[in-house]
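Trainee: First the structure, then my questions, so here it is.
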Amino acid sequence: MTDSTHRVHGLAGDEIAPDWPALTEAELSSVLATMPAAGGLRRVLWRSPRPLSAAGLVETARGSTVFVKRHHVSVRAAATLAEEHALLEHLHRHGLPVVEVLADCDGQTALAHGDWTYEVHTVARGEDLYRDTISWQPPDRLAHARTAGRMLARLHAASASYSAAQRGTHILVARSELATAADPVATLRSQLPQRPALAAYLARRDWPRDLERLFAPWRAAQPALVRQPRLWTHGDWHVSNLCWSGGGDTAEVTCVLDFGLAACNFALFDLATAIERNAIAWLALDAGDAAARPDIARALIAGYREERPLGTDELHLLADLLPVVHVDFALSEVEYFHGITRSAHAADVAYDTFLIGHAAWFEDAPGQRLLAAIRDAG
């Protein structure tokens, strides 16, 4: 039966009714029945508050716990989801602590059932300390930020040897084509014939002018960004996507979760995303300077540098990238809300508050101070 009381995270940090129905016992039984390693359904233990899919922890008839996630086929078809699973398998082989994706009787890990695509994971090892924390809320401890930075560097070391074509979709994927383009307007214009929902939304906006204004303060960094070595990135490096050995300062990351936004980018793109996710309380900008956490940014960088070197030039480039690192993903959210969930309000928030507003914040004093702290982190 459907849980009508289930709520998910809203765009304003509130709790709202989900766009996607909660997982039901009937569909879970059907999916798990195809997976020899899972066993049948016993009960649903927890439903995720993340809004872009439906997911939860499920106890099987064998007494084990698995994580089941369901996507609408318009968001993730089986082939598109399999791109994430191939990356996970590579990272697992190279020693990164990630979950195992279970296969059905035919050996498939991305399971197509009608209008839905499912994936079933082994349960993550460790404590999910930030399970109910929204993205853009800073971690509780500086030590956690430093440890997260160290694990991100380990991920990049493992993914550097992964070779695969770019993601087959723009929908809810953290890509960097616009962030690195010499001419972002021309680049986006060339994409729009293959992105009709985004084109339909942008038809009522003066988006060329908006993009020109957005990128103008940071345009000088583009040639150096293009020269960055390509590798696959996580795309959503927030402490809520990590499990931990405990809650104290000495806790280690025991598992890396949620590769749904992963794509082929470059290492500084992921580190900038980590700062954007963890070091700026975007939903509390009315707190003024307190909304920016340069100490969190420096801790992420310090942890990263324990595993991979970052020179002064790279720190300056990281600061120049940060104000535009979100651009491609923000437009993918516009595309998702306008074309799939049909939420005009959410699409406007993604465009005005996320795409335009986040970039503009860096031109004001709090944003400038954060960028200066990054440049001086060496």
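Residues are named by chain letter and number: chains run A, B, ... in the order of the structure tokens, numbers start at 1 in each chain, and ligands are numbered from 1 in the order shown.
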Please provide the set of residues having any atom within 7 Å of Asp270 of chain A, restricted to only C-alpha atoms, with same-chain residues fewer than 6 positions apart removed, written as a PyMOL selection string.

Mentor: chain A and resi 233-235

Trainee: Which neighbours of His316 of chain A fall inside 10 Å, counting only C-alpha atoms, when residues of the same chain fewer than 5 positions from it are skipped, and could you give them as a ChimeraX atom specification?

Mentor: /A:221,311,321,371-372,374-378

Trainee: Please write the residues from the selection above to a file, keeping N, CA and C atoms, as an mmCIF file, in the first residue's frame.

Mentor:
data_model
loop_
_atom_site.group_PDB
_atom_site.id
_atom_site.type_symbol
_atom_site.label_atom_id
_atom_site.label_comp_id
_atom_site.auth_asym_id
_atom_site.auth_seq_id
_atom_site.Cartn_x
_atom_site.Cartn_y
_atom_site.Cartn_z
ATOM 1 N N ALA A 221 39.018 32.291 -16.756
ATOM 2 C CA ALA A 221 39.489 30.972 -16.321
ATOM 3 C C ALA A 221 39.249 29.887 -17.362
ATOM 4 N N GLY A 311 48.462 22.804 -6.442
ATOM 5 C CA GLY A 311 49.339 23.958 -6.380
ATOM 6 C C GLY A 311 48.563 25.266 -6.284
ATOM 7 N N LEU A 321 36.392 28.698 -10.769
ATOM 8 C CA LEU A 321 35.379 27.751 -11.233
ATOM 9 C C LEU A 321 34.153 27.719 -10.335
ATOM 10 N N LEU A 371 35.861 33.082 -1.825
ATOM 11 C CA LEU A 371 36.798 32.841 -2.913
ATOM 12 C C LEU A 371 38.224 33.216 -2.507
ATOM 13 N N ALA A 372 38.370 34.305 -1.770
ATOM 14 C CA ALA A 372 39.694 34.703 -1.303
ATOM 15 C C ALA A 372 40.273 33.655 -0.357
ATOM 16 N N ILE A 374 39.733 30.503 -0.425
ATOM 17 C CA ILE A 374 40.166 29.350 -1.229
ATOM 18 C C ILE A 374 41.498 29.634 -1.894
ATOM 19 N N ARG A 375 41.639 30.837 -2.447
ATOM 20 C CA ARG A 375 42.896 31.196 -3.113
ATOM 21 C C ARG A 375 44.055 31.201 -2.128
ATOM 22 N N ASP A 376 43.756 31.532 -0.862
ATOM 23 C CA ASP A 376 44.805 31.622 0.147
ATOM 24 C C ASP A 376 44.975 30.324 0.921
ATOM 25 N N ALA A 377 44.311 29.247 0.511
ATOM 26 C CA ALA A 377 44.342 28.000 1.275
ATOM 27 C C ALA A 377 45.693 27.324 1.249
ATOM 28 N N GLY A 378 46.562 27.734 0.346
ATOM 29 C CA GLY A 378 47.887 27.135 0.280
ATOM 30 C C GLY A 378 48.803 27.629 1.372
#

Trainee: Could you check the closest approach to Thr147 of chain A for each of A:Ser332, A:Ser135, A:Thr312, A:Thr254 and tell me which residue wins, using only C-alpha atoms?

Mentor: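 With only C-alpha atoms as the atom set, the closest residue is A:Thr254.
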
Trainee: Taking only C-alpha atoms into account, which of A:Val334, A:Ala158, A:Val324, A:Val68 comes nearest Pro217 of chain A?

Mentor: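 Between A:Val334, A:Ala158, A:Val324, A:Val68, the residue approaching Pro217 of chain A most closely is A:Val324.
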
Trainee: For segment 26-32 of chain A, list every protein, DNA or RNA residue within 6 Å, evaluated using only C-alpha atoms, and leave out those in the same chain fewer than 3 positions away; present the list as an MDAnalysis selection string.

Mentor: chainID A and resid 35 40:41

Trainee: Which one of A:Tyr336, A:Pro366, A:Arg175, A:Ala153 sits closest to Pro309 of chain A if you count only C-alpha atoms?

Mentor: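 Smallest separation from Pro309 of chain A among the options: A:Ala153.
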
Trainee: Neighbouring residues of His170 of chain A were defined as those with any atom within 10 Å, considering only C-alpha atoms; residues of the same chain fewer than 3 positions away were excluded. Please report them as a ChimeraX atom specification.

Mentor: /A:75,166-167,173-175,191,194-195,261,263,328-329,331-333,335-336

Trainee: Give me a file of those residues, with N, CA and C atoms, as a PDB file, in the first residue's frame.

Mentor:
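Produced file result.pdb, reproduced below:
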ATOM      1  N   VAL A  75      13.607   9.724 -16.571  1.00  0.00           N
ATOM      2  CA  VAL A  75      14.770  10.249 -15.853  1.00  0.00           C
ATOM      3  C   VAL A  75      15.970   9.324 -16.020  1.00  0.00           C
ATOM      4  N   GLN A 166      30.833   9.882 -22.402  1.00  0.00           N
ATOM      5  CA  GLN A 166      30.055  10.775 -21.540  1.00  0.00           C
ATOM      6  C   GLN A 166      28.654  10.220 -21.335  1.00  0.00           C
ATOM      7  N   ARG A 167      28.024  10.640 -20.245  1.00  0.00           N
ATOM      8  CA  ARG A 167      26.674  10.195 -19.934  1.00  0.00           C
ATOM      9  C   ARG A 167      25.737  10.395 -21.125  1.00  0.00           C
ATOM     10  N   VAL A 173      22.122  15.268 -14.200  1.00  0.00           N
ATOM     11  CA  VAL A 173      23.514  14.831 -14.246  1.00  0.00           C
ATOM     12  C   VAL A 173      24.394  16.073 -14.116  1.00  0.00           C
ATOM     13  N   ALA A 174      25.470  15.966 -13.343  1.00  0.00           N
ATOM     14  CA  ALA A 174      26.377  17.103 -13.142  1.00  0.00           C
ATOM     15  C   ALA A 174      27.475  17.072 -14.198  1.00  0.00           C
ATOM     16  N   ARG A 175      27.224  17.742 -15.309  1.00  0.00           N
ATOM     17  CA  ARG A 175      28.190  17.834 -16.406  1.00  0.00           C
ATOM     18  C   ARG A 175      28.824  19.220 -16.405  1.00  0.00           C
ATOM     19  N   GLN A 191      22.949  22.460 -28.032  1.00  0.00           N
ATOM     20  CA  GLN A 191      22.352  21.335 -27.309  1.00  0.00           C
ATOM     21  C   GLN A 191      20.829  21.311 -27.397  1.00  0.00           C
ATOM     22  N   GLN A 194      18.397  18.705 -29.056  1.00  0.00           N
ATOM     23  CA  GLN A 194      18.304  17.401 -28.400  1.00  0.00           C
ATOM     24  C   GLN A 194      17.701  17.499 -26.999  1.00  0.00           C
ATOM     25  N   ARG A 195      17.351  18.714 -26.579  1.00  0.00           N
ATOM     26  CA  ARG A 195      16.782  18.927 -25.238  1.00  0.00           C
ATOM     27  C   ARG A 195      15.505  19.766 -25.371  1.00  0.00           C
ATOM     28  N   LEU A 261      24.536  11.509 -10.155  1.00  0.00           N
ATOM     29  CA  LEU A 261      24.930  12.707 -10.894  1.00  0.00           C
ATOM     30  C   LEU A 261      26.289  12.554 -11.567  1.00  0.00           C
ATOM     31  N   ALA A 263      29.489  11.898 -13.914  1.00  0.00           N
ATOM     32  CA  ALA A 263      29.714  12.146 -15.341  1.00  0.00           C
ATOM     33  C   ALA A 263      31.205  12.321 -15.565  1.00  0.00           C
ATOM     34  N   ASP A 328      25.596  23.751 -15.407  1.00  0.00           N
ATOM     35  CA  ASP A 328      25.044  22.654 -16.208  1.00  0.00           C
ATOM     36  C   ASP A 328      23.981  21.885 -15.424  1.00  0.00           C
ATOM     37  N   PHE A 329      24.235  21.644 -14.137  1.00  0.00           N
ATOM     38  CA  PHE A 329      23.260  20.899 -13.348  1.00  0.00           C
ATOM     39  C   PHE A 329      22.002  21.721 -13.103  1.00  0.00           C
ATOM     40  N   LEU A 331      20.619  23.856 -15.072  1.00  0.00           N
ATOM     41  CA  LEU A 331      19.795  23.780 -16.283  1.00  0.00           C
ATOM     42  C   LEU A 331      19.182  22.394 -16.455  1.00  0.00           C
ATOM     43  N   SER A 332      19.889  21.367 -15.982  1.00  0.00           N
ATOM     44  CA  SER A 332      19.291  20.032 -16.037  1.00  0.00           C
ATOM     45  C   SER A 332      18.087  19.940 -15.108  1.00  0.00           C
ATOM     46  N   GLU A 333      18.126  20.662 -13.980  1.00  0.00           N
ATOM     47  CA  GLU A 333      16.966  20.708 -13.091  1.00  0.00           C
ATOM     48  C   GLU A 333      15.808  21.468 -13.746  1.00  0.00           C
ATOM     49  N   GLU A 335      15.200  21.570 -16.874  1.00  0.00           N
ATOM     50  CA  GLU A 335      14.705  20.609 -17.854  1.00  0.00           C
ATOM     51  C   GLU A 335      13.826  19.549 -17.187  1.00  0.00           C
ATOM     52  N   TYR A 336      14.284  19.062 -16.045  1.00  0.00           N
ATOM     53  CA  TYR A 336      13.537  18.035 -15.299  1.00  0.00           C
ATOM     54  C   TYR A 336      12.195  18.571 -14.805  1.00  0.00           C
TER      55      TYR A 336
END

Trainee: Can you pull out the residues contacting segment 121-125 of chain A? Cut-off 9 Å, using only C-alpha atoms, and skip same-chain residues under 5 positions away; I want them as a list of chain:residue names.

Mentor: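 The residues satisfying every condition are A:Ala38, A:Leu57, A:Ser64, A:Thr65, A:Val66, A:Phe67, A:Val68, A:Lys69, A:Pro97, A:Val98, A:Val99, A:Glu100, A:Val101, A:Leu102, A:Cys243, A:Trp244, A:Ser245, A:Thr254, A:Cys255, A:Val256, A:Leu257.
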
Trainee: What does the file look like for those residues with N, CA and C atoms, as a compact mmCIF listing (two decimals), in the first residue's frame?

Mentor:
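The new file result-v9.txt reads:
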# COMPACT_ATOMS: atom_id res chain seq x y z
N ALA A 38 18.90 -11.45 -3.40
CA ALA A 38 18.16 -10.59 -2.48
C ALA A 38 17.22 -11.37 -1.57
N LEU A 57 15.17 1.54 2.41
CA LEU A 57 15.81 0.33 2.92
C LEU A 57 14.76 -0.73 3.15
N SER A 64 18.38 -10.12 5.53
CA SER A 64 19.34 -9.10 5.10
C SER A 64 18.61 -7.81 4.76
N THR A 65 19.38 -6.73 4.64
CA THR A 65 18.82 -5.43 4.28
C THR A 65 19.42 -5.00 2.95
N VAL A 66 18.57 -4.50 2.06
CA VAL A 66 19.02 -3.96 0.77
C VAL A 66 18.43 -2.58 0.58
N PHE A 67 19.05 -1.83 -0.30
CA PHE A 67 18.57 -0.49 -0.66
C PHE A 67 17.97 -0.57 -2.05
N VAL A 68 16.72 -0.16 -2.20
CA VAL A 68 16.03 -0.21 -3.49
C VAL A 68 15.71 1.22 -3.91
N LYS A 69 16.00 1.52 -5.18
CA LYS A 69 15.74 2.85 -5.71
C LYS A 69 14.98 2.72 -7.02
N PRO A 97 35.49 2.30 -1.22
CA PRO A 97 34.38 1.68 -0.49
C PRO A 97 33.03 2.14 -1.06
N VAL A 98 32.46 1.33 -1.91
CA VAL A 98 31.16 1.62 -2.51
C VAL A 98 30.26 0.40 -2.34
N VAL A 99 28.96 0.59 -2.54
CA VAL A 99 28.02 -0.52 -2.42
C VAL A 99 28.13 -1.43 -3.64
N GLU A 100 27.63 -2.65 -3.48
CA GLU A 100 27.52 -3.58 -4.59
C GLU A 100 26.11 -3.48 -5.16
N VAL A 101 26.01 -3.44 -6.49
CA VAL A 101 24.71 -3.43 -7.15
C VAL A 101 24.34 -4.87 -7.50
N LEU A 102 23.17 -5.30 -7.05
CA LEU A 102 22.75 -6.69 -7.25
C LEU A 102 22.15 -6.88 -8.64
N CYS A 243 28.89 7.42 4.29
CA CYS A 243 28.67 6.76 5.57
C CYS A 243 29.97 6.78 6.35
N TRP A 244 29.84 6.66 7.67
CA TRP A 244 30.95 6.97 8.56
C TRP A 244 31.16 5.86 9.58
N SER A 245 32.40 5.80 10.12
CA SER A 245 32.72 4.81 11.15
C SER A 245 32.24 5.25 12.53
N THR A 254 33.29 5.22 5.49
CA THR A 254 33.22 3.77 5.29
C THR A 254 32.53 3.38 3.99
N CYS A 255 31.78 4.30 3.39
CA CYS A 255 31.12 4.00 2.12
C CYS A 255 30.73 5.29 1.42
N VAL A 256 30.89 5.31 0.12
CA VAL A 256 30.49 6.43 -0.73
C VAL A 256 29.19 6.04 -1.44
N LEU A 257 28.18 6.92 -1.36
CA LEU A 257 26.85 6.63 -1.86
C LEU A 257 26.49 7.50 -3.06

Trainee: Need the shell around Arg154 of chain A: protein/DNA/RNA residues with any atom at most 12 Å away, counting only C-alpha atoms. Skip same-chain ones fewer than 6 positions apart. Format as JSON, numbers by chain?

Mentor: {"A": [91, 92, 94, 95, 96, 97, 147, 148, 160, 233, 234, 253, 256, 267, 303, 304, 305, 306, 307, 308, 309]}

Trainee: What are the DSSP strand (DSSP E) residues of segment 36-206 of chain A, as a VMD selection string?

Mentor: chain A and resid 41 to 47 54 to 60 65 to 72 111 to 113 116 to 122

Trainee: Find the residues near Ala299 of chain A: any atom within 8 Å, counting only C-alpha atoms, skip ones fewer than 4 places away on the same chain, and give them as a count of residues only.

Mentor: 7

Trainee: What are the nearest atom pairs, with distances in Å to one decimal, for all residues of segment 276-302 of chain A that come at most 12 Å from segment 351-359 of chain A, using only C-alpha atoms, set out by chain and rising residue number as CSV?

Mentor:
residue,atom,partner,partner_atom,distance
A:Glu276,CA,A:His358,CA,9.4
A:Arg277,CA,A:His358,CA,11.6
A:Ile280,CA,A:His358,CA,10.0
A:Ala281,CA,A:His358,CA,11.1
A:Trp282,CA,A:His358,CA,8.0
A:Leu283,CA,A:Thr353,CA,10.3
A:Leu285,CA,A:His358,CA,10.4
